[in-house]
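Novice: You'll find start-v5.cif just under this line, and it carries mmCIF, C-alpha atoms.
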data_work
loop_
_atom_site.label_atom_id
_atom_site.label_comp_id
_atom_site.auth_asym_id
_atom_site.auth_seq_id
_atom_site.Cartn_x
_atom_site.Cartn_y
_atom_site.Cartn_z
CA MET A 1 22.84 27.36 23.77
CA VAL A 2 25.11 26.80 20.76
CA SER A 3 26.44 29.91 19.09
CA PHE A 4 25.52 30.32 15.42
CA LEU A 5 28.73 32.32 14.86
CA ARG A 6 30.93 29.22 14.92
CA TRP A 7 33.24 28.88 11.94
CA ASP A 8 31.48 25.68 10.84
CA SER A 9 27.95 27.11 11.12
CA TRP A 10 26.01 27.18 7.87
CA LEU A 11 23.67 29.99 8.95
CA PRO A 12 25.77 33.13 8.22
CA TRP A 13 27.24 31.70 5.02
CA SER A 14 23.81 30.61 3.82
CA CYS A 15 22.47 34.11 4.49
CA VAL A 16 25.21 35.45 2.23
CA PHE A 17 24.42 32.79 -0.38
CA PHE A 18 20.68 33.54 -0.53
CA THR A 19 21.28 37.29 -0.50
CA GLY A 20 23.53 36.77 -3.52
CA LEU A 21 20.82 34.78 -5.28
CA TYR A 22 18.32 37.53 -4.55
CA LEU A 23 20.61 40.22 -5.96
CA LEU A 24 21.38 38.04 -8.99
CA GLY A 25 17.68 37.68 -9.72
CA TYR A 26 17.04 41.41 -9.25
CA TRP A 27 20.04 42.85 -11.10
CA VAL A 28 20.62 40.20 -13.79
CA VAL A 29 17.83 37.68 -14.42
CA PHE A 30 14.88 40.09 -14.35
CA ALA A 31 16.72 43.39 -14.94
CA ARG A 32 15.20 43.92 -18.40
CA ARG A 33 11.72 42.74 -17.51
CA TRP A 34 10.79 45.52 -15.07
CA PRO A 35 12.16 48.97 -14.25
CA ARG A 36 14.26 49.48 -11.14
CA GLY A 37 12.14 49.55 -7.99
CA ALA A 38 9.17 47.67 -9.46
CA VAL A 39 7.47 45.44 -6.87
CA ASP A 40 7.12 42.54 -9.31
CA ARG A 41 10.88 42.65 -9.90
CA PHE A 42 11.47 42.16 -6.16
CA LYS A 43 8.93 39.31 -6.10
CA ALA A 44 10.59 37.57 -9.05
CA ALA A 45 14.00 37.89 -7.36
CA SER A 46 12.52 36.21 -4.29
CA CYS A 47 11.36 33.34 -6.51
CA CYS A 48 14.98 32.76 -7.57
CA MET A 49 15.90 32.11 -3.94
CA SER A 50 12.84 29.99 -3.32
CA ILE A 51 13.43 27.72 -6.33
CA VAL A 52 16.96 26.92 -5.18
CA HIS A 53 15.97 26.52 -1.51
CA GLY A 54 12.86 24.39 -2.02
CA THR A 55 14.38 22.08 -4.62
CA SER A 56 17.63 21.50 -2.75
CA THR A 57 16.10 20.99 0.72
CA SER A 58 13.33 18.65 -0.40
CA MET A 59 15.71 16.48 -2.44
CA ALA A 60 18.40 16.44 0.24
CA ALA A 61 15.89 15.64 2.98
CA ALA A 62 14.26 12.83 0.98
CA ILE A 63 17.62 11.22 0.13
CA TYR A 64 18.75 11.57 3.75
CA MET A 65 15.58 9.98 5.12
CA LEU A 66 15.73 7.01 2.75
CA ASN A 67 19.41 6.45 3.39
CA LEU A 68 18.93 6.68 7.15
CA PHE A 69 15.97 4.31 7.08
CA TYR A 70 17.79 1.57 5.17
CA THR A 71 20.96 2.07 7.23
CA ASP A 72 19.03 1.69 10.49
CA LYS A 73 17.16 -1.30 9.12
CA GLN A 74 20.37 -3.08 8.13
CA GLN A 75 22.11 -2.33 11.42
CA MET A 76 19.00 -3.24 13.40
CA SER A 77 19.66 -0.29 15.70
CA TRP A 78 15.98 -0.29 16.58
CA SER A 79 13.40 -3.02 16.98
CA PRO A 80 9.62 -2.88 17.45
CA THR A 81 8.30 -3.04 20.99
CA PRO A 82 5.17 -5.04 21.87
CA SER A 83 3.09 -1.86 21.96
CA SER A 84 3.99 -1.08 18.35
CA HIS A 85 3.11 -4.42 16.75
CA ASN A 86 0.09 -2.84 15.08
CA SER A 87 2.14 -0.01 13.60
CA SER A 88 3.91 -0.13 10.31
CA THR A 89 7.67 -0.41 10.19
CA MET A 90 8.06 3.09 8.77
CA MET A 91 5.78 4.66 11.39
CA PHE A 92 7.66 3.04 14.23
CA TRP A 93 10.98 4.09 12.73
CA LEU A 94 9.82 7.71 12.45
CA ALA A 95 8.76 7.73 16.10
CA SER A 96 12.06 6.20 17.18
CA ARG A 97 14.02 8.85 15.26
CA LEU A 98 12.15 11.91 16.55
CA GLY A 99 13.70 11.71 20.00
CA VAL A 100 17.29 11.33 18.78
CA ALA A 101 19.68 14.24 19.16
CA ASN A 102 20.32 16.32 16.06
CA THR A 103 22.96 15.08 13.66
CA ARG A 104 25.39 17.47 12.00
CA PHE A 105 23.66 17.08 8.65
CA GLU A 106 20.28 17.88 10.20
CA GLU A 107 21.76 20.96 11.88
CA ALA A 108 23.33 22.07 8.61
CA ILE A 109 20.13 21.73 6.59
CA MET A 110 18.18 23.62 9.28
CA GLU A 111 20.71 26.45 9.28
CA TYR A 112 20.64 26.53 5.47
CA SER A 113 16.84 26.65 5.42
CA THR A 114 16.59 29.17 8.26
CA ALA A 115 18.91 31.49 6.33
CA TYR A 116 16.54 31.41 3.36
CA PHE A 117 13.50 32.21 5.50
CA LEU A 118 15.30 35.08 7.24
CA VAL A 119 16.50 36.66 3.98
CA ASP A 120 13.07 36.22 2.40
CA LEU A 121 11.44 37.65 5.53
CA VAL A 122 13.54 40.81 5.13
CA HIS A 123 12.42 40.94 1.49
CA TYR A 124 8.74 40.86 2.50
CA LEU A 125 9.13 43.39 5.31
CA LEU A 126 10.98 45.87 3.08
CA PHE A 127 9.38 45.49 -0.34
CA VAL A 128 6.12 43.51 -0.04
CA PRO A 129 4.72 44.37 3.41
CA ASN A 130 1.12 43.72 2.32
CA GLN A 131 1.59 39.93 2.43
CA PRO A 132 0.93 39.03 6.11
CA LEU A 133 0.43 35.32 5.35
CA PHE A 134 3.96 34.92 4.02
CA VAL A 135 5.44 37.05 6.82
CA LEU A 136 3.74 34.98 9.53
CA HIS A 137 4.65 31.72 7.76
CA HIS A 138 8.33 32.71 7.70
CA VAL A 139 8.30 33.87 11.34
CA PHE A 140 6.72 30.62 12.60
CA THR A 141 8.95 28.41 10.46
CA SER A 142 12.16 30.22 11.41
CA SER A 143 11.38 30.21 15.14
CA TYR A 144 10.59 26.48 15.00
CA MET A 145 13.88 25.60 13.35
CA LEU A 146 15.94 27.98 15.48
CA SER A 147 14.57 26.45 18.68
CA CYS A 148 15.37 22.93 17.45
CA ARG A 149 18.84 23.92 16.33
CA PHE A 150 20.15 26.31 18.97
CA TYR A 151 18.03 25.66 22.07
CA THR A 152 17.01 22.04 22.53
CA GLY A 153 19.48 20.22 20.29
CA HIS A 154 16.62 17.84 19.39
CA GLY A 155 13.72 17.80 16.96
CA ALA A 156 15.67 18.37 13.75
CA PHE A 157 14.39 15.14 12.26
CA SER A 158 10.86 16.56 12.41
CA THR A 159 11.99 19.40 10.15
CA ILE A 160 13.45 16.85 7.73
CA ILE A 161 10.02 15.22 7.47
CA LEU A 162 8.36 18.58 6.87
CA PHE A 163 10.95 19.49 4.23
CA VAL A 164 10.09 16.37 2.26
CA VAL A 165 6.34 17.03 2.18
CA GLY A 166 6.31 20.82 2.47
CA GLU A 167 9.01 21.92 0.03
CA SER A 168 8.30 19.42 -2.76
CA THR A 169 5.91 21.87 -4.43
CA SER A 170 8.36 24.80 -4.28
CA PHE A 171 9.79 24.53 -7.80
CA LEU A 172 6.38 24.28 -9.46
CA GLN A 173 4.96 27.04 -7.29
CA ASN A 174 7.73 29.48 -8.15
CA VAL A 175 7.59 28.79 -11.88
CA TRP A 176 3.81 29.32 -11.63
CA THR A 177 4.38 32.58 -9.74
CA ILE A 178 6.90 33.86 -12.29
CA SER A 179 4.50 33.07 -15.14
CA LEU A 180 1.86 35.07 -13.28
CA LEU A 181 4.20 38.02 -12.67
CA THR A 182 5.45 38.08 -16.26
CA HIS A 183 1.92 37.64 -17.69
CA SER A 184 2.99 34.53 -19.60
CA ALA A 185 -0.57 33.43 -20.32
CA LYS A 186 0.34 30.23 -22.16
CA LEU A 187 2.64 28.95 -19.39
CA PHE A 188 0.27 30.07 -16.63
CA ASN A 189 -2.73 28.32 -18.19
CA LEU A 190 -0.64 25.19 -18.65
CA LEU A 191 0.49 25.11 -15.00
CA ASN A 192 -2.46 26.61 -13.14
CA VAL A 193 -4.77 23.63 -12.62
CA PRO A 194 -2.03 20.95 -12.19
CA PHE A 195 -0.20 23.18 -9.71
CA LEU A 196 -3.30 23.88 -7.63
CA ILE A 197 -4.14 20.16 -7.52
CA ILE A 198 -0.61 19.11 -6.51
CA PHE A 199 -0.29 21.90 -3.95
CA SER A 200 -3.67 20.99 -2.43
CA ILE A 201 -2.68 17.32 -2.13
CA PHE A 202 0.65 18.06 -0.47
CA TRP A 203 -0.58 20.82 1.86
CA GLY A 204 -4.10 19.53 2.38
CA VAL A 205 -3.31 15.83 2.90
CA LEU A 206 0.36 14.88 3.23
CA THR A 207 1.62 17.78 5.35
CA PRO A 208 -1.29 17.62 7.87
CA TRP A 209 -0.77 13.85 8.10
CA ALA A 210 2.94 14.32 8.80
CA THR A 211 2.17 17.04 11.34
CA TRP A 212 -0.27 14.75 13.13
CA GLN A 213 2.46 12.10 13.40
CA LEU A 214 4.69 14.74 14.99
CA CYS A 215 1.93 15.76 17.40
CA LEU A 216 1.48 12.15 18.50
CA TYR A 217 5.09 12.09 19.60
CA PHE A 218 5.84 15.64 20.82
CA ILE A 219 2.51 16.33 22.57
CA PHE A 220 0.87 13.00 23.42
CA SER A 221 3.87 10.82 24.30
CA ARG A 222 5.88 10.83 27.52
CA GLU A 223 9.20 10.25 25.78
CA ALA A 224 9.19 13.70 24.14
CA SER A 225 9.25 15.61 27.45
CA ALA A 226 12.79 14.35 28.07
CA VAL A 227 14.13 16.05 24.93
CA LEU A 228 11.69 18.93 24.33
CA PRO A 229 9.85 20.92 27.01
CA PHE A 230 6.09 20.62 26.63
CA PRO A 231 5.43 24.40 26.21
CA LEU A 232 8.04 24.53 23.45
CA ALA A 233 6.63 21.39 21.83
CA LEU A 234 3.16 22.92 21.93
CA TYR A 235 4.43 26.15 20.38
CA SER A 236 6.34 24.23 17.70
CA MET A 237 3.31 22.20 16.64
CA TRP A 238 1.15 25.31 16.74
CA SER A 239 3.67 27.07 14.47
CA VAL A 240 3.53 24.22 11.98
CA PHE A 241 -0.28 24.21 12.16
CA MET A 242 -0.40 27.96 11.48
CA GLY A 243 1.92 27.52 8.50
CA ILE A 244 -0.33 24.82 7.06
CA SER A 245 -3.45 26.92 7.68
CA GLY A 246 -1.90 29.89 5.88
CA SER A 247 -0.93 27.73 2.90
CA LEU A 248 -4.41 26.21 2.69
CA TYR A 249 -6.04 29.64 2.86
CA TRP A 250 -3.70 30.88 0.12
CA VAL A 251 -4.46 28.00 -2.24
CA SER A 252 -8.19 28.24 -1.49
CA THR A 253 -8.22 31.85 -2.69
CA HIS A 254 -6.68 30.78 -5.99
CA TRP A 255 -9.16 27.93 -6.32
CA ALA A 256 -11.93 30.50 -5.79
CA LYS A 257 -10.45 32.73 -8.51
CA LEU A 258 -10.23 29.76 -10.89
CA MET A 259 -13.82 28.68 -10.20
CA SER A 260 -15.04 32.26 -10.66
CA LYS A 261 -13.18 32.50 -13.97
CA LYS A 262 -14.58 29.17 -15.19
CA LYS A 263 -18.06 30.24 -14.14
CA SER A 264 -17.70 33.50 -16.07
CA GLU A 265 -16.45 31.63 -19.13
CA ILE A 266 -19.37 29.20 -18.98
CA TYR A 267 -21.83 32.08 -18.59
CA ALA A 268 -20.22 33.97 -21.48
CA SER A 269 -20.34 30.84 -23.66
CA PHE A 270 -23.98 30.25 -22.76
CA SER A 271 -24.82 33.88 -23.54
CA PHE A 272 -23.00 33.61 -26.88
CA GLN A 273 -24.91 30.45 -27.77
CA ASN A 274 -28.22 32.13 -26.90
CA THR A 275 -27.28 35.18 -28.95
CA ALA A 276 -26.29 33.00 -31.90
CA ALA A 277 -29.49 31.00 -31.60
CA ASN A 278 -31.61 34.15 -31.42
CA LYS A 279 -29.77 35.57 -34.40
CA TYR A 280 -30.37 32.37 -36.37
CA THR A 281 -34.06 32.41 -35.42
CA GLU A 282 -34.39 36.04 -36.50
CA GLU A 283 -32.67 35.35 -39.82
CA ALA A 284 -34.95 32.35 -40.39
CA ARG A 285 -38.01 34.49 -39.62
CA VAL A 286 -36.93 37.21 -42.08
CA ALA A 287 -36.20 34.60 -44.75
CA GLN A 288 -39.64 33.06 -44.23
CA GLU A 289 -41.29 36.49 -44.60
CA VAL A 290 -39.37 37.07 -47.85
CA ARG A 291 -40.48 33.68 -49.16
CA ASP A 292 -44.09 34.41 -48.21
CA GLN A 293 -43.96 37.77 -49.97
CA LEU A 294 -42.46 36.19 -53.09
CA THR A 295 -45.11 33.46 -53.04
CA GLY A 296 -47.84 36.06 -52.74
CA PHE A 297 -46.36 38.14 -55.54
CA CYS A 298 -46.22 35.13 -57.85
CA MET A 299 -49.81 34.24 -57.11
CA SER A 300 -51.00 37.78 -57.83
CA GLU A 301 -49.16 37.78 -61.16
CA ARG A 302 -51.01 34.66 -62.18
#
Would you write out, as structure tokens, the structure that this file holds?
Specialist:
Amino acid sequence: MVSFLRWDSWLPWSCVFFTGLYLLGYWVVFARRWPRGAVDRFKAASCCMSIVHGTSTSMAAAIYMLNLFYTDKQQMSWSPTPSSHNSSTMMFWLASRLGVANTRFEEAIMEYSTAYFLVDLVHYLLFVPNQPLFVLHHVFTSSYMLSCRFYTGHGAFSTIILFVVGESTSFLQNVWTISLLTHSAKLFNLLNVPFLIIFSIFWGVLTPWATWQLCLYFIFSREASAVLPFPLALYSMWSVFMGISGSLYWVSTHWAKLMSKKKSEIYASFSFQNTAANKYTEEARVAQEVRDQLTGFCMSER
């Protein structure tokens, strides 16, 4: 097992970095918005960390994957086997890369990301303990990356894939969360529906698809047992599945709130239209009675 206390390990330094971001958000960025000790102030400080983590990891992972793909393609370090003729080039390349030992960059980005999840996990345990979904998500994600980094020495490329599809919504999600915490109605209404749609696509379609590709290799292929013990592979895929399930449950609750709000607005609008129509009908009836009375008065005068 590789020690994480090596001088070149990113984990301890990244923990310091994300702790600094958290304190910066709490004591500087949102200091005037909420009083000291307010729960929303802690949540907003957590968003500062998450914006930096999600944006940096998703961009770095995407650039790394593309660069690695074109480098491998040019060097022809891999070639399709007869059994993979029906697979696309990208799918075969992904499968060929999953069994490769971790590179230093992959180890660094896992340590960097693990540090964020550990610091944010402490935040939830201390200041927002009533959020079990986020706590469980962070526990599963951290344990998955720690096992790949410090136990097996393999599987880091799978985390790179998940970073690309799983962290791409982080920036938008955190801006949406901050608008919700600060009661910025205009910004929240602008972001709400687009964010829910994008989040649902990434976590309801792309991330499950990527996870299934990982399952095909780590659980259903014989090659994976040489680099990752089957019980650990099963636990890793189960951890990813639980993280996806928690994210889907979270977004479904917000879809339900949105649908309930829209339903209430439609009902209120319908009620207003009925009230206006009834009022118009009553006014028309009174006007008709006045005209009838005037007509009768004129006739009697004649």
Novice: Compare A:Tyr112, A:Phe241, A:Trp255, A:Phe42 by their minimum atom-to-atom distance to Leu146 (chain A), counting only C-alpha atoms, and give me the closest one.
Specialist: A:Tyr112
Novice: Mind dumping a table of every region 81-164 of chain A residue within 12 Å of region 20-38 of chain A, with the nearest atom pair and its distance in Å to one decimal, using all atoms listed in the file, sorted by chain and rising number, as a Markdown table?
Specialist:
| residue | atom | partner | partner_atom | distance |
| --- | --- | --- | --- | --- |
| A:Tyr116 | CA | A:Tyr22 | CA | 10.2 |
| A:Val119 | CA | A:Tyr22 | CA | 8.8 |
| A:Asp120 | CA | A:Tyr22 | CA | 8.8 |
| A:Val122 | CA | A:Tyr22 | CA | 11.3 |
| A:His123 | CA | A:Tyr22 | CA | 9.1 |
| A:Leu126 | CA | A:Gly37 | CA | 11.7 |
| A:Phe127 | CA | A:Gly37 | CA | 9.1 |
| A:Val128 | CA | A:Ala38 | CA | 10.7 |
Novice: What residues come out when you apply the PyMOL selection byres ((chain A and resi 189-192) around 12) to this file, written as a PyMOL selection string?
Specialist: chain A and resi 171-180+183-188+193-199+251+254-255+257-259
Novice: Please provide as a ChimeraX atom specification all residues within 7 Å of Asn102 (chain A), with the sequence filter that same-chain residues fewer than 4 positions apart are discarded (counting all atoms listed in the file).
Specialist: /A:106-107,153-156
Novice: Can you give me, as a ChimeraX atom specification, the residues this file yields under the PyMOL selection byres ((chain A and resi 211) around 12)?
Specialist: /A:158-163,165-166,202-210,212-219,236-245
Novice: Next, dump the selected residues to file, keeping only C-alpha atoms, as a PDB file, in the coordinates of the input.
Specialist:
ATOM      1  CA  SER A 158      10.860  16.560  12.410  1.00  0.00           C
ATOM      2  CA  THR A 159      11.990  19.400  10.150  1.00  0.00           C
ATOM      3  CA  ILE A 160      13.450  16.850   7.730  1.00  0.00           C
ATOM      4  CA  ILE A 161      10.020  15.220   7.470  1.00  0.00           C
ATOM      5  CA  LEU A 162       8.360  18.580   6.870  1.00  0.00           C
ATOM      6  CA  PHE A 163      10.950  19.490   4.230  1.00  0.00           C
ATOM      7  CA  VAL A 165       6.340  17.030   2.180  1.00  0.00           C
ATOM      8  CA  GLY A 166       6.310  20.820   2.470  1.00  0.00           C
ATOM      9  CA  PHE A 202       0.650  18.060  -0.470  1.00  0.00           C
ATOM     10  CA  TRP A 203      -0.580  20.820   1.860  1.00  0.00           C
ATOM     11  CA  GLY A 204      -4.100  19.530   2.380  1.00  0.00           C
ATOM     12  CA  VAL A 205      -3.310  15.830   2.900  1.00  0.00           C
ATOM     13  CA  LEU A 206       0.360  14.880   3.230  1.00  0.00           C
ATOM     14  CA  THR A 207       1.620  17.780   5.350  1.00  0.00           C
ATOM     15  CA  PRO A 208      -1.290  17.620   7.870  1.00  0.00           C
ATOM     16  CA  TRP A 209      -0.770  13.850   8.100  1.00  0.00           C
ATOM     17  CA  ALA A 210       2.940  14.320   8.800  1.00  0.00           C
ATOM     18  CA  TRP A 212      -0.270  14.750  13.130  1.00  0.00           C
ATOM     19  CA  GLN A 213       2.460  12.100  13.400  1.00  0.00           C
ATOM     20  CA  LEU A 214       4.690  14.740  14.990  1.00  0.00           C
ATOM     21  CA  CYS A 215       1.930  15.760  17.400  1.00  0.00           C
ATOM     22  CA  LEU A 216       1.480  12.150  18.500  1.00  0.00           C
ATOM     23  CA  TYR A 217       5.090  12.090  19.600  1.00  0.00           C
ATOM     24  CA  PHE A 218       5.840  15.640  20.820  1.00  0.00           C
ATOM     25  CA  ILE A 219       2.510  16.330  22.570  1.00  0.00           C
ATOM     26  CA  SER A 236       6.340  24.230  17.700  1.00  0.00           C
ATOM     27  CA  MET A 237       3.310  22.200  16.640  1.00  0.00           C
ATOM     28  CA  TRP A 238       1.150  25.310  16.740  1.00  0.00           C
ATOM     29  CA  SER A 239       3.670  27.070  14.470  1.00  0.00           C
ATOM     30  CA  VAL A 240       3.530  24.220  11.980  1.00  0.00           C
ATOM     31  CA  PHE A 241      -0.280  24.210  12.160  1.00  0.00           C
ATOM     32  CA  MET A 242      -0.400  27.960  11.480  1.00  0.00           C
ATOM     33  CA  GLY A 243       1.920  27.520   8.500  1.00  0.00           C
ATOM     34  CA  ILE A 244      -0.330  24.820   7.060  1.00  0.00           C
ATOM     35  CA  SER A 245      -3.450  26.920   7.680  1.00  0.00           C
TER      36      SER A 245
END
Novice: Report the distance between CA of Glu111 (chain A) and CA of Tyr235 (chain A) in Å, rounded to one decimal place.
Specialist: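 Separating CA of Glu111 (chain A) from CA of Tyr235 (chain A) is a distance of 19.7 Å.
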Novice: Distance cut-off 10 Å, centre (19.5, 33.8, 6.8) in file coordinates, counting only C-alpha atoms: which residues qualify? Return them as a ChimeraX atom specification.
Specialist: /A:10-19,111-122,142
Novice: Which residues would end up in the selection if the PyMOL selection byres ((chain A and resi 59) around 12) were applied here, given that I need the answer as a count of residues only?
Specialist: 26
Novice: Distance CA of Gly246 (chain A)-CA of Leu133 (chain A), one decimal place?
Specialist: 5.9 Å
Novice: One number please: CA of Lys261 (chain A) to CA of Val39 (chain A), in Å, one decimal.
Specialist: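 We find that CA of Lys261 (chain A) and CA of Val39 (chain A) lie 25.4 Å from each other.
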Novice: Counting all atoms listed in the file, which residues of region 29-114 of chain A fall within 12 Å of region 225-232 of chain A, and what is the closest atom pair for each with its distance in Å at one decimal, ordered by chain and rising number, as JSON lines?
Specialist:
{"residue": "A:Leu98", "atom": "CA", "partner": "A:Val227", "partner_atom": "CA", "distance": 9.6}
{"residue": "A:Gly99", "atom": "CA", "partner": "A:Val227", "partner_atom": "CA", "distance": 6.6}
{"residue": "A:Val100", "atom": "CA", "partner": "A:Val227", "partner_atom": "CA", "distance": 8.4}
{"residue": "A:Ala101", "atom": "CA", "partner": "A:Val227", "partner_atom": "CA", "distance": 8.2}
{"residue": "A:Asn102", "atom": "CA", "partner": "A:Val227", "partner_atom": "CA", "distance": 10.8}
Novice: For Ala45 (chain A), which residue out of A:Tyr144, A:Thr253, A:Leu68, A:Tyr124 is the nearest one, using only C-alpha atoms?
Specialist: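 Among the listed residues, A:Tyr124 lies closest to Ala45 (chain A).
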